[in-house]
Every structure is written in C-alpha cells, then in structure tokens.
>>> print(open('query_32.csv').read())   # CSV, C-alpha atoms and all ligand atoms
chain,number,residue,atom,x,y,z
A,28,MET,CA,3.1,-21.1,0.4
A,29,ASP,CA,5.2,-20.3,-2.6
A,30,LYS,CA,6.8,-17.0,-3.2
A,31,ASN,CA,6.9,-17.8,-7.0
A,32,LEU,CA,3.2,-17.3,-7.0
A,33,ARG,CA,3.5,-13.6,-6.3
A,34,LYS,CA,5.2,-10.8,-8.1
A,35,ALA,CA,6.6,-8.1,-5.8
A,36,VAL,CA,4.9,-4.7,-5.8
A,37,ILE,CA,6.9,-1.6,-4.9
A,38,ALA,CA,4.6,1.4,-4.3
A,39,GLY,CA,5.7,5.0,-3.5
A,40,ASN,CA,3.5,7.0,-1.2
A,41,TRP,CA,4.5,10.5,-2.0
A,42,LYS,CA,2.1,11.9,0.7
A,43,MET,CA,1.6,15.7,0.5
A,44,ASN,CA,4.8,16.3,-1.5
A,45,LYS,CA,5.7,17.7,-5.0
A,46,THR,CA,3.9,20.1,-7.3
A,47,PRO,CA,2.7,18.9,-10.7
A,48,ALA,CA,5.9,20.2,-12.4
A,49,GLU,CA,8.1,18.4,-9.7
A,50,THR,CA,6.0,15.3,-10.3
A,51,THR,CA,6.9,15.3,-14.0
A,52,ALA,CA,10.5,15.8,-13.2
A,53,LEU,CA,10.8,13.0,-10.6
A,54,ILE,CA,9.0,10.5,-12.8
A,55,ASN,CA,11.2,11.4,-15.8
A,56,GLU,CA,14.3,10.9,-13.6
A,57,LEU,CA,13.0,7.6,-12.4
A,58,LYS,CA,12.0,6.1,-15.7
A,59,PRO,CA,15.4,5.2,-17.1
A,60,LEU,CA,16.5,3.8,-13.7
A,61,VAL,CA,13.6,1.2,-13.7
A,62,GLU,CA,13.5,0.2,-17.3
A,63,ASN,CA,14.5,-3.4,-16.5
A,64,ALA,CA,12.5,-3.8,-13.3
A,65,ASP,CA,11.0,-7.2,-12.6
A,66,CYS,CA,8.4,-6.1,-10.1
A,67,ASP,CA,5.3,-3.9,-10.3
A,68,ILE,CA,6.0,-0.2,-9.7
A,69,ILE,CA,3.4,2.3,-8.5
A,70,VAL,CA,3.7,5.9,-7.5
A,71,CYS,CA,0.8,7.3,-5.4
A,72,VAL,CA,0.8,11.0,-5.8
A,73,PRO,CA,-1.4,13.9,-4.5
A,74,TYR,CA,-4.7,14.2,-6.4
A,75,ILE,CA,-3.6,17.4,-8.1
A,76,ASN,CA,-0.6,15.6,-9.6
A,77,LEU,CA,-2.4,12.5,-11.0
A,78,ASN,CA,-2.7,13.8,-14.5
A,79,ALA,CA,0.9,15.0,-14.7
A,80,ALA,CA,2.0,11.6,-13.3
A,81,ILE,CA,-0.1,9.6,-15.9
A,82,ASP,CA,1.4,11.7,-18.7
A,83,ALA,CA,5.0,11.4,-17.4
A,84,ALA,CA,4.7,7.6,-16.8
A,85,LYS,CA,3.4,6.8,-20.3
A,86,GLY,CA,5.5,4.2,-22.1
A,87,SER,CA,7.2,3.1,-18.8
A,88,LEU,CA,6.5,0.3,-16.3
A,89,ILE,CA,5.4,2.9,-13.7
A,90,LYS,CA,1.8,2.9,-12.7
A,91,VAL,CA,0.0,5.7,-11.0
A,92,GLY,CA,-2.1,5.6,-7.8
A,93,ALA,CA,-4.0,7.9,-5.5
A,94,GLN,CA,-3.7,8.1,-1.7
A,95,ASN,CA,-7.4,7.9,-0.7
A,96,CYS,CA,-10.9,8.0,-2.2
A,97,HIS,CA,-14.5,8.5,-1.0
A,98,TRP,CA,-17.1,5.8,-1.1
A,99,GLU,CA,-19.9,7.8,-2.7
A,100,LYS,CA,-19.9,8.5,-6.4
A,101,SER,CA,-20.6,12.2,-6.0
A,102,GLY,CA,-22.4,14.6,-3.6
A,103,ALA,CA,-21.9,17.0,-0.7
A,104,PHE,CA,-18.5,15.9,0.6
A,105,THR,CA,-16.4,19.0,0.5
A,106,GLY,CA,-12.7,18.2,-0.1
A,107,GLU,CA,-13.2,14.5,-1.1
A,108,VAL,CA,-12.6,12.7,-4.4
A,109,SER,CA,-14.6,9.7,-5.4
A,110,ALA,CA,-13.4,6.3,-6.7
A,111,LEU,CA,-15.4,7.0,-9.9
A,112,MET,CA,-13.4,10.2,-10.5
A,113,LEU,CA,-10.2,8.3,-10.1
A,114,SER,CA,-11.1,5.4,-12.4
A,115,ASP,CA,-12.5,7.9,-15.0
A,116,ILE,CA,-9.0,9.5,-15.5
A,117,GLY,CA,-7.3,6.1,-15.7
A,118,ILE,CA,-6.1,5.6,-12.2
A,119,GLU,CA,-5.7,1.9,-11.3
A,120,TYR,CA,-4.5,2.0,-7.7
A,121,VAL,CA,-5.4,3.7,-4.5
A,122,ILE,CA,-4.0,3.6,-1.0
A,123,ILE,CA,-6.8,3.1,1.6
A,124,GLY,CA,-6.5,3.3,5.4
A,125,HIS,CA,-3.1,4.8,5.7
A,126,SER,CA,-2.3,5.4,9.4
A,127,GLU,CA,-2.0,9.2,8.7
A,128,ARG,CA,-5.6,9.1,7.4
A,129,ARG,CA,-6.7,7.2,10.5
A,130,THR,CA,-4.7,9.4,12.9
A,131,TYR,CA,-5.2,12.9,11.5
A,132,PHE,CA,-8.4,12.7,9.4
A,133,GLY,CA,-10.7,10.4,11.3
A,134,ASP,CA,-10.7,7.4,9.1
A,135,THR,CA,-12.0,4.3,11.0
A,136,ASP,CA,-12.1,0.6,10.3
A,137,LEU,CA,-15.6,1.1,9.0
A,138,THR,CA,-14.8,4.0,6.6
A,139,VAL,CA,-11.8,2.1,5.5
A,140,ASN,CA,-14.2,-0.8,4.6
A,141,LYS,CA,-16.5,1.6,2.7
A,142,ARG,CA,-13.7,3.2,0.8
A,143,THR,CA,-12.2,-0.2,-0.1
A,144,LYS,CA,-15.5,-1.6,-1.4
A,145,ALA,CA,-16.2,1.5,-3.5
A,146,ALA,CA,-12.7,1.5,-5.0
A,147,ILE,CA,-12.9,-2.2,-5.9
A,148,GLU,CA,-16.4,-1.7,-7.4
A,149,LYS,CA,-14.9,1.0,-9.7
A,150,GLY,CA,-12.1,-1.4,-10.8
A,151,LEU,CA,-9.3,0.1,-8.7
A,152,THR,CA,-6.8,-2.1,-6.9
A,153,VAL,CA,-6.6,-1.1,-3.2
A,154,ILE,CA,-3.4,-0.9,-1.2
A,155,LEU,CA,-5.0,-1.6,2.1
A,156,CYS,CA,-2.9,-0.4,5.1
A,157,VAL,CA,-3.0,-1.9,8.6
A,158,GLY,CA,-0.6,-1.6,11.5
A,159,GLU,CA,-0.3,-1.2,15.2
A,160,TYR,CA,0.8,1.8,17.3
A,161,LEU,CA,3.9,1.5,19.5
A,162,GLU,CA,1.8,1.1,22.7
A,163,GLN,CA,-0.1,-1.8,21.1
A,164,ARG,CA,3.1,-3.6,20.2
A,165,GLU,CA,4.4,-3.0,23.7
A,166,GLN,CA,1.3,-4.6,25.1
A,167,GLY,CA,1.7,-7.6,22.8
A,168,ILE,CA,-1.5,-7.1,20.9
A,169,THR,CA,-0.1,-6.5,17.4
A,170,PHE,CA,-1.7,-9.5,15.9
A,171,GLU,CA,-5.1,-8.8,17.5
A,172,VAL,CA,-5.0,-5.2,16.2
A,173,VAL,CA,-4.0,-6.1,12.7
A,174,ARG,CA,-6.5,-9.0,12.5
A,175,SER,CA,-9.4,-6.8,13.6
A,176,GLN,CA,-8.4,-4.0,11.2
A,177,LEU,CA,-8.3,-6.5,8.3
A,178,LYS,CA,-11.5,-8.3,9.3
A,179,ILE,CA,-13.4,-5.1,9.3
A,180,ALA,CA,-11.7,-3.7,6.2
A,181,LEU,CA,-12.6,-6.8,4.2
A,182,MET,CA,-16.2,-7.1,5.2
A,183,GLY,CA,-18.2,-7.8,2.1
A,184,ILE,CA,-15.1,-8.3,-0.1
A,185,SER,CA,-15.6,-11.6,-2.1
A,186,GLU,CA,-12.9,-14.0,-3.1
A,187,ALA,CA,-12.9,-12.6,-6.6
A,188,ASP,CA,-12.6,-9.1,-5.2
A,189,LEU,CA,-9.6,-10.1,-3.2
A,190,ASP,CA,-7.6,-10.1,-6.5
A,191,LYS,CA,-8.0,-6.3,-6.3
A,192,VAL,CA,-6.4,-6.1,-2.8
A,193,ILE,CA,-2.8,-5.6,-1.8
A,194,ILE,CA,-2.2,-5.5,1.9
A,195,ALA,CA,0.4,-3.2,3.4
A,196,TYR,CA,1.5,-3.9,6.9
A,197,GLU,CA,2.8,-0.7,8.3
A,198,PRO,CA,3.7,-0.5,12.0
A,199,VAL,CA,2.8,3.1,12.9
A,200,TRP,CA,6.0,3.4,15.0
A,201,ALA,CA,8.1,2.7,11.9
A,202,ILE,CA,6.5,5.3,9.6
A,203,GLY,CA,8.7,8.3,8.9
A,204,THR,CA,10.7,7.7,12.0
A,205,GLY,CA,13.7,6.0,10.5
A,206,LYS,CA,12.9,3.1,12.9
A,207,THR,CA,12.3,0.0,10.8
A,208,ALA,CA,10.8,-3.2,11.9
A,209,THR,CA,13.5,-5.9,11.7
A,210,ALA,CA,13.1,-8.2,8.8
A,211,ALA,CA,11.9,-11.0,11.2
A,212,GLU,CA,9.3,-8.7,12.8
A,213,ALA,CA,7.9,-7.7,9.5
A,214,ASN,CA,7.8,-11.2,8.2
A,215,GLU,CA,6.1,-12.5,11.4
A,216,VAL,CA,3.2,-10.1,11.0
A,217,ASN,CA,3.0,-10.6,7.3
A,218,CYS,CA,2.9,-14.3,7.8
A,219,ALA,CA,0.1,-13.9,10.4
A,220,ILE,CA,-1.8,-11.8,7.9
A,221,ARG,CA,-1.4,-14.5,5.2
A,222,SER,CA,-2.8,-17.1,7.7
A,223,LEU,CA,-5.8,-14.8,8.4
A,224,ILE,CA,-6.5,-14.6,4.7
A,225,ALA,CA,-6.3,-18.4,4.5
A,226,GLU,CA,-8.8,-18.6,7.4
A,227,MET,CA,-11.2,-16.0,6.0
A,228,TYR,CA,-10.9,-17.1,2.3
A,229,SER,CA,-8.8,-20.0,1.2
A,230,LYS,CA,-5.2,-21.2,1.0
A,231,GLU,CA,-5.2,-20.3,-2.7
A,232,ASN,CA,-6.1,-16.7,-1.9
A,233,ALA,CA,-3.5,-16.6,0.8
A,234,ASP,CA,-0.8,-17.8,-1.5
A,235,LYS,CA,-1.7,-15.3,-4.2
A,236,ILE,CA,-2.2,-12.1,-2.1
A,237,VAL,CA,0.6,-9.5,-2.1
A,238,ILE,CA,1.5,-8.4,1.4
A,239,GLN,CA,3.9,-5.4,1.5
A,240,TYR,CA,5.8,-4.0,4.4
A,241,GLY,CA,6.0,-0.3,4.9
A,242,GLY,CA,7.8,1.9,7.5
A,243,SER,CA,11.2,3.5,6.8
A,244,MET,CA,12.0,1.0,4.1
A,245,ASN,CA,15.0,2.5,2.2
A,246,ALA,CA,17.8,1.7,-0.2
A,247,LYS,CA,19.9,0.1,2.5
A,248,ASN,CA,17.4,-2.1,4.3
A,249,ALA,CA,15.2,-3.1,1.4
A,250,ASP,CA,17.2,-6.1,0.4
A,251,GLU,CA,17.0,-7.7,3.8
A,252,LEU,CA,13.3,-7.0,4.3
A,253,LEU,CA,12.3,-8.1,0.8
A,254,SER,CA,14.2,-11.4,1.1
A,255,GLU,CA,11.8,-12.5,3.8
A,256,TYR,CA,9.3,-15.1,2.6
A,257,ASP,CA,6.1,-13.3,3.4
A,258,VAL,CA,7.3,-9.7,2.5
A,259,ASP,CA,6.1,-9.3,-1.1
A,260,GLY,CA,7.0,-5.7,-1.6
A,261,GLY,CA,7.0,-2.3,0.0
A,262,LEU,CA,5.0,0.8,0.6
A,263,ILE,CA,7.6,3.5,0.7
A,264,GLY,CA,7.3,7.1,1.8
A,265,GLY,CA,10.4,9.2,2.3
A,266,ALA,CA,12.7,7.1,0.0
A,267,SER,CA,10.2,7.2,-2.8
A,268,LEU,CA,10.9,10.9,-3.2
A,269,ILE,CA,14.5,10.3,-4.3
A,270,ALA,CA,14.7,8.6,-7.7
A,271,ALA,CA,18.0,6.8,-7.0
A,272,ASP,CA,16.8,5.4,-3.6
A,273,PHE,CA,13.4,4.3,-5.0
A,274,ALA,CA,15.1,2.7,-7.9
A,275,ALA,CA,17.5,0.8,-5.6
A,276,ILE,CA,14.5,-0.6,-3.7
A,277,ILE,CA,12.9,-1.6,-7.0
A,278,LYS,CA,16.2,-3.3,-7.9
A,279,ALA,CA,16.2,-5.2,-4.7
A,280,ALA,CA,12.6,-6.4,-5.3
A,281,SER,CA,13.4,-7.5,-8.9
A,282,LYS,CA,15.9,-10.2,-7.7
A,301,LIG,P1,8.1,6.0,5.3
A,301,LIG,O1,6.5,6.0,5.0
A,301,LIG,O2,8.7,5.1,4.3
A,301,LIG,O3,8.5,7.5,5.1
A,301,LIG,O4,8.3,5.5,6.7
A,301,LIG,C1,5.9,4.8,4.7
A,301,LIG,C2,4.4,5.1,4.5
A,301,LIG,O5,3.9,5.9,5.3
A,301,LIG,O6,3.7,4.5,3.7
>>> encode(input="query_32.csv", output="structure tokens")
Amino acid sequence: MDKNLRKAVIAGNWKMNKTPAETTALINELKPLVENADCDIIVCVPYINLNAAIDAAKGSLIKVGAQNCHWEKSGAFTGEVSALMLSDIGIEYVIIGHSERRTYFGDTDLTVNKRTKAAIEKGLTVILCVGEYLEQREQGITFEVVRSQLKIALMGISEADLDKVIIAYEPVWAIGTGKTATAAEANEVNCAIRSLIAEMYSKENADKIVIQYGGSMNAKNADELLSEYDVDGGLIGGASLIAADFAAIIKAASK
C-alpha cells in the first residue's frame, strides 16, 4: 500500500456550534491561513450555516459539508434534511454515522447504511464514522466492532461508489475528551480497516480509500498521528473551531 496514492483529507466537524454570522467570520479567518495547503479541506457546519459557509468559502480551497442527511428525498420526517436538499444547494460532503448521532439520536448501523446509500446516490461524498466505546476496547473487541459497523454501513455500496466514501475511525472514548488514541493505536485500527476494504472489495480500492482518524486531534498531536502510514487525515471537532489550530493541522497534513 502506497501513501502516495492518497491525498490527505482534513475535515472539521463543527457539531452544534456557531451562528451563520460566526460561520462567515471563522471561514474568513481561516482562508488566508490555508491558501497553500496541499490536502483537501472540508468544514462540516450545522444545516442552517451551510449557505453562509458556501458563500464565505468561495474562491478558496475550503469545501463545505453537512453533518447528517436523511435517506428519503422528502416526506413526513420532521426535523430531518434530505441528501437531495444538500446536493441541490451545492454541498459535496456529509458526515454519516457520527458516534453522537448513534448515541444520542438513535442512529443504528442500518440507518447509517441507508443514509450512506442515499447520500452517494445524490453525488455526495460520505465521511463514514466508525469506532468503539471504551468498554469494547477494554474487552479487546475493537476490530470486531469496527468491522461489523463497516460491513453493515457498506451493504449495497459498489466498488465505483466507494470512491465517494471516506472512512473516519473515531474511538468514542477519544472524542471531546482530550484523550487521543496513540499514533500506533490509530494506525493499527486504520490498517485493519484498510485490510477489510481489500477483503470486501479489492487491493486497489484499499490503496485508494482515505481513512481518517478522529478524536481529540489537535495542533500539537496532528503531526505524529498524520505521519502514520494508514492515517490519511483527520476529522476534527474542538480544534476545528479555532482557525489557527485547524490551520496548524492542515499544515501538518500538507507535508
Ligand atoms: P474532537 O471531536 O476532535 O472534539 O474530539 C472529533 C469528532 O467528534 O469528530
């Protein structure tokens, strides 16, 4: 497997943070800091901020993503937003299956699969999140958990569709806790994910697919994590809300 086959992808997951005006301000602050980046940059903002983010990001390398989408085109699904609606306003990326969606909003492996399929069908690239809880790591079943999450999430996803999938390995115990997986721990799981893709699809697919790490990645630890062979980028929460920190991670990924 050759890291030269893959370009790093750094995605910010803003979660439920920032108003539209604050979105414009943060992106404007970020733009000059990432002018010379040599990686893909995405900011995933709350739905209500998507238009402001698209406008602010115009003419820069920054791309805009959403944090979830529903699998139906339209209908009686109060509070939901469809993949069609996102693609219609020019959104190219969407996070699916984040552990906060799974933990607090009832997302399951099966709904993650439905959302993933709908998003790809509408031309979106999915940042598909998987990861184990602390108890699962302690029981030594991390690989089993992640394998099963991925096998279900990717049901019905063809080899061609896989070009529209970025995988984010996010150990739940490392999200928002300040507790990062060590670079070796992150690489070990990312490597296992790549082997699973080779098993489910082909070695070529496995070589190509971008596998991020997420969970308390910050300006200080990004360099070490991103220098691991199978860590092709990051999904960043807290540190993506501070322009200088997010830019430092982007700089580390551009090496
Ligand atoms: P964190 O969040 O960087 O704040 O840990 C990562 C995520 O939830 O995607």
>>> residues_near_ligand(input="query_32.csv", ligand="ligand LIG 301 (chain A)", cutoff="6 Å", atoms="all atoms listed in the file", output="PDB file with C-alpha atoms, in the frame of the given file")
ATOM      1  CA  ASN A  40       3.500   7.000  -1.200  1.00  0.00           C
ATOM      2  CA  ALA A 201       8.100   2.700  11.900  1.00  0.00           C
ATOM      3  CA  ILE A 202       6.500   5.300   9.600  1.00  0.00           C
ATOM      4  CA  GLY A 203       8.700   8.300   8.900  1.00  0.00           C
ATOM      5  CA  GLY A 241       6.000  -0.300   4.900  1.00  0.00           C
ATOM      6  CA  GLY A 242       7.800   1.900   7.500  1.00  0.00           C
ATOM      7  CA  SER A 243      11.200   3.500   6.800  1.00  0.00           C
ATOM      8  CA  MET A 244      12.000   1.000   4.100  1.00  0.00           C
ATOM      9  CA  LEU A 262       5.000   0.800   0.600  1.00  0.00           C
ATOM     10  CA  ILE A 263       7.600   3.500   0.700  1.00  0.00           C
ATOM     11  CA  GLY A 264       7.300   7.100   1.800  1.00  0.00           C
ATOM     12  CA  GLY A 265      10.400   9.200   2.300  1.00  0.00           C
TER      13      GLY A 265
END
>>> closest_residue(input="query_32.csv", among="A:Ala211, A:Leu189, A:Ala79, A:Ile122", to="Ala233 in chain A", atoms="only C-alpha atoms")
A:Leu189
>>> closest_residue(input="query_32.csv", among="A:Gly260, A:Ala246, A:Arg174, A:Ile238", to="Ala280 in chain A", atoms="only C-alpha atoms")
A:Gly260
>>> closest_residue(input="query_32.csv", among="A:Leu88, A:Ile147, A:Ala271, A:Leu32", to="Asp65 in chain A", atoms="all atoms listed in the file")
A:Leu88
>>> atom_distance(input="query_32.csv", atom1="CA of Ile118 in chain A", atom2="CA of Val153 in chain A")
11.2 Å
>>> closest_residue(input="query_32.csv", among="A:Asn140, A:Asn245, A:Ala93, A:Ala219", to="Ala270 in chain A", atoms="only C-alpha atoms")
A:Asn245
>>> closest_residue(input="query_32.csv", among="A:Ile168, A:Leu268, A:Leu151, A:Val192", to="Val72 in chain A", atoms="only C-alpha atoms")
A:Leu268
>>> decode(input="query_32.csv", residues="range 180-210 of chain A", atoms="N, CA, C and O atoms", output="PDB file, in the first residue's frame")
ATOM      1  N   ALA A 180     -22.585  -0.766   7.199  1.00  0.00           N
ATOM      2  CA  ALA A 180     -22.675   0.568   6.567  1.00  0.00           C
ATOM      3  C   ALA A 180     -22.458   0.489   5.060  1.00  0.00           C
ATOM      4  O   ALA A 180     -23.032   1.264   4.307  1.00  0.00           O
ATOM      5  N   LEU A 181     -21.636  -0.461   4.624  1.00  0.00           N
ATOM      6  CA  LEU A 181     -21.276  -0.524   3.198  1.00  0.00           C
ATOM      7  C   LEU A 181     -22.111  -1.529   2.402  1.00  0.00           C
ATOM      8  O   LEU A 181     -21.822  -1.771   1.224  1.00  0.00           O
ATOM      9  N   MET A 182     -23.167  -2.072   3.017  1.00  0.00           N
ATOM     10  CA  MET A 182     -24.028  -3.008   2.282  1.00  0.00           C
ATOM     11  C   MET A 182     -24.607  -2.307   1.053  1.00  0.00           C
ATOM     12  O   MET A 182     -25.166  -1.221   1.161  1.00  0.00           O
ATOM     13  N   GLY A 183     -24.448  -2.929  -0.115  1.00  0.00           N
ATOM     14  CA  GLY A 183     -25.027  -2.361  -1.334  1.00  0.00           C
ATOM     15  C   GLY A 183     -24.193  -1.235  -1.942  1.00  0.00           C
ATOM     16  O   GLY A 183     -24.605  -0.611  -2.914  1.00  0.00           O
ATOM     17  N   ILE A 184     -23.032  -0.969  -1.369  1.00  0.00           N
ATOM     18  CA  ILE A 184     -22.146   0.069  -1.931  1.00  0.00           C
ATOM     19  C   ILE A 184     -21.168  -0.625  -2.888  1.00  0.00           C
ATOM     20  O   ILE A 184     -20.406  -1.499  -2.470  1.00  0.00           O
ATOM     21  N   SER A 185     -21.226  -0.217  -4.161  1.00  0.00           N
ATOM     22  CA  SER A 185     -20.393  -0.881  -5.172  1.00  0.00           C
ATOM     23  C   SER A 185     -18.956  -0.362  -5.129  1.00  0.00           C
ATOM     24  O   SER A 185     -18.670   0.622  -4.445  1.00  0.00           O
ATOM     25  N   GLU A 186     -18.107  -1.028  -5.908  1.00  0.00           N
ATOM     26  CA  GLU A 186     -16.711  -0.577  -5.995  1.00  0.00           C
ATOM     27  C   GLU A 186     -16.622   0.864  -6.500  1.00  0.00           C
ATOM     28  O   GLU A 186     -15.846   1.659  -5.995  1.00  0.00           O
ATOM     29  N   ALA A 187     -17.463   1.170  -7.486  1.00  0.00           N
ATOM     30  CA  ALA A 187     -17.443   2.543  -8.032  1.00  0.00           C
ATOM     31  C   ALA A 187     -17.931   3.538  -6.977  1.00  0.00           C
ATOM     32  O   ALA A 187     -17.381   4.631  -6.849  1.00  0.00           O
ATOM     33  N   ASP A 188     -18.950   3.129  -6.224  1.00  0.00           N
ATOM     34  CA  ASP A 188     -19.487   4.019  -5.167  1.00  0.00           C
ATOM     35  C   ASP A 188     -18.429   4.314  -4.100  1.00  0.00           C
ATOM     36  O   ASP A 188     -18.471   5.348  -3.435  1.00  0.00           O
ATOM     37  N   LEU A 189     -17.535   3.377  -3.912  1.00  0.00           N
ATOM     38  CA  LEU A 189     -16.556   3.502  -2.825  1.00  0.00           C
ATOM     39  C   LEU A 189     -15.649   4.729  -3.006  1.00  0.00           C
ATOM     40  O   LEU A 189     -15.102   5.243  -2.032  1.00  0.00           O
ATOM     41  N   ASP A 190     -15.541   5.206  -4.249  1.00  0.00           N
ATOM     42  CA  ASP A 190     -14.790   6.453  -4.483  1.00  0.00           C
ATOM     43  C   ASP A 190     -15.440   7.632  -3.765  1.00  0.00           C
ATOM     44  O   ASP A 190     -14.824   8.680  -3.605  1.00  0.00           O
ATOM     45  N   LYS A 191     -16.702   7.470  -3.395  1.00  0.00           N
ATOM     46  CA  LYS A 191     -17.445   8.538  -2.709  1.00  0.00           C
ATOM     47  C   LYS A 191     -17.469   8.306  -1.197  1.00  0.00           C
ATOM     48  O   LYS A 191     -18.341   8.836  -0.502  1.00  0.00           O
ATOM     49  N   VAL A 192     -16.573   7.466  -0.708  1.00  0.00           N
ATOM     50  CA  VAL A 192     -16.559   7.185   0.732  1.00  0.00           C
ATOM     51  C   VAL A 192     -15.180   7.496   1.322  1.00  0.00           C
ATOM     52  O   VAL A 192     -14.152   7.055   0.811  1.00  0.00           O
ATOM     53  N   ILE A 193     -15.219   8.269   2.399  1.00  0.00           N
ATOM     54  CA  ILE A 193     -14.045   8.488   3.245  1.00  0.00           C
ATOM     55  C   ILE A 193     -14.413   7.819   4.563  1.00  0.00           C
ATOM     56  O   ILE A 193     -15.539   7.985   5.033  1.00  0.00           O
ATOM     57  N   ILE A 194     -13.510   7.057   5.131  1.00  0.00           N
ATOM     58  CA  ILE A 194     -13.828   6.433   6.423  1.00  0.00           C
ATOM     59  C   ILE A 194     -13.139   7.223   7.530  1.00  0.00           C
ATOM     60  O   ILE A 194     -11.973   7.612   7.390  1.00  0.00           O
ATOM     61  N   ALA A 195     -13.874   7.490   8.600  1.00  0.00           N
ATOM     62  CA  ALA A 195     -13.261   8.154   9.759  1.00  0.00           C
ATOM     63  C   ALA A 195     -13.313   7.188  10.938  1.00  0.00           C
ATOM     64  O   ALA A 195     -14.398   6.835  11.412  1.00  0.00           O
ATOM     65  N   TYR A 196     -12.131   6.736  11.378  1.00  0.00           N
ATOM     66  CA  TYR A 196     -12.082   5.915  12.588  1.00  0.00           C
ATOM     67  C   TYR A 196     -12.029   6.855  13.783  1.00  0.00           C
ATOM     68  O   TYR A 196     -11.068   7.616  13.944  1.00  0.00           O
ATOM     69  N   GLU A 197     -13.080   6.795  14.598  1.00  0.00           N
ATOM     70  CA  GLU A 197     -13.154   7.667  15.765  1.00  0.00           C
ATOM     71  C   GLU A 197     -13.489   6.851  17.011  1.00  0.00           C
ATOM     72  O   GLU A 197     -14.657   6.550  17.258  1.00  0.00           O
ATOM     73  N   PRO A 198     -12.476   6.488  17.789  1.00  0.00           N
ATOM     74  CA  PRO A 198     -12.769   5.786  19.044  1.00  0.00           C
ATOM     75  C   PRO A 198     -13.600   6.706  19.940  1.00  0.00           C
ATOM     76  O   PRO A 198     -13.214   7.855  20.155  1.00  0.00           O
ATOM     77  N   VAL A 199     -14.750   6.222  20.381  1.00  0.00           N
ATOM     78  CA  VAL A 199     -15.695   7.102  21.087  1.00  0.00           C
ATOM     79  C   VAL A 199     -15.056   7.697  22.346  1.00  0.00           C
ATOM     80  O   VAL A 199     -15.297   8.855  22.686  1.00  0.00           O
ATOM     81  N   TRP A 200     -14.186   6.934  22.993  1.00  0.00           N
ATOM     82  CA  TRP A 200     -13.543   7.390  24.225  1.00  0.00           C
ATOM     83  C   TRP A 200     -12.558   8.527  23.992  1.00  0.00           C
ATOM     84  O   TRP A 200     -12.102   9.166  24.944  1.00  0.00           O
ATOM     85  N   ALA A 201     -12.245   8.798  22.734  1.00  0.00           N
ATOM     86  CA  ALA A 201     -11.282   9.873  22.439  1.00  0.00           C
ATOM     87  C   ALA A 201     -11.974  11.143  21.944  1.00  0.00           C
ATOM     88  O   ALA A 201     -11.320  12.150  21.728  1.00  0.00           O
ATOM     89  N   ILE A 202     -13.289  11.089  21.776  1.00  0.00           N
ATOM     90  CA  ILE A 202     -13.992  12.241  21.197  1.00  0.00           C
ATOM     91  C   ILE A 202     -14.345  13.262  22.260  1.00  0.00           C
ATOM     92  O   ILE A 202     -15.076  12.961  23.211  1.00  0.00           O
ATOM     93  N   GLY A 203     -13.794  14.455  22.116  1.00  0.00           N
ATOM     94  CA  GLY A 203     -14.118  15.561  23.013  1.00  0.00           C
ATOM     95  C   GLY A 203     -13.613  15.357  24.438  1.00  0.00           C
ATOM     96  O   GLY A 203     -14.000  16.072  25.347  1.00  0.00           O
ATOM     97  N   THR A 204     -12.751  14.381  24.620  1.00  0.00           N
ATOM     98  CA  THR A 204     -12.286  14.063  25.971  1.00  0.00           C
ATOM     99  C   THR A 204     -10.863  14.558  26.225  1.00  0.00           C
ATOM    100  O   THR A 204     -10.395  14.550  27.368  1.00  0.00           O
ATOM    101  N   GLY A 205     -10.183  14.939  25.157  1.00  0.00           N
ATOM    102  CA  GLY A 205      -8.786  15.317  25.292  1.00  0.00           C
ATOM    103  C   GLY A 205      -7.874  14.088  25.336  1.00  0.00           C
ATOM    104  O   GLY A 205      -6.651  14.198  25.379  1.00  0.00           O
ATOM    105  N   LYS A 206      -8.501  12.906  25.319  1.00  0.00           N
ATOM    106  CA  LYS A 206      -7.755  11.643  25.376  1.00  0.00           C
ATOM    107  C   LYS A 206      -7.593  11.130  23.943  1.00  0.00           C
ATOM    108  O   LYS A 206      -8.577  10.707  23.332  1.00  0.00           O
ATOM    109  N   THR A 207      -6.417  11.238  23.391  1.00  0.00           N
ATOM    110  CA  THR A 207      -6.221  10.799  21.999  1.00  0.00           C
ATOM    111  C   THR A 207      -5.756   9.353  21.978  1.00  0.00           C
ATOM    112  O   THR A 207      -5.024   8.936  22.878  1.00  0.00           O
ATOM    113  N   ALA A 208      -6.140   8.626  20.934  1.00  0.00           N
ATOM    114  CA  ALA A 208      -5.511   7.329  20.723  1.00  0.00           C
ATOM    115  C   ALA A 208      -4.043   7.618  20.404  1.00  0.00           C
ATOM    116  O   ALA A 208      -3.740   8.655  19.808  1.00  0.00           O
ATOM    117  N   THR A 209      -3.139   6.750  20.809  1.00  0.00           N
ATOM    118  CA  THR A 209      -1.746   6.978  20.401  1.00  0.00           C
ATOM    119  C   THR A 209      -1.688   6.805  18.886  1.00  0.00           C
ATOM    120  O   THR A 209      -2.571   6.189  18.279  1.00  0.00           O
ATOM    121  N   ALA A 210      -0.632   7.353  18.306  1.00  0.00           N
ATOM    122  CA  ALA A 210      -0.488   7.244  16.856  1.00  0.00           C
ATOM    123  C   ALA A 210      -0.496   5.762  16.445  1.00  0.00           C
ATOM    124  O   ALA A 210      -1.111   5.384  15.451  1.00  0.00           O
TER     125      ALA A 210
END
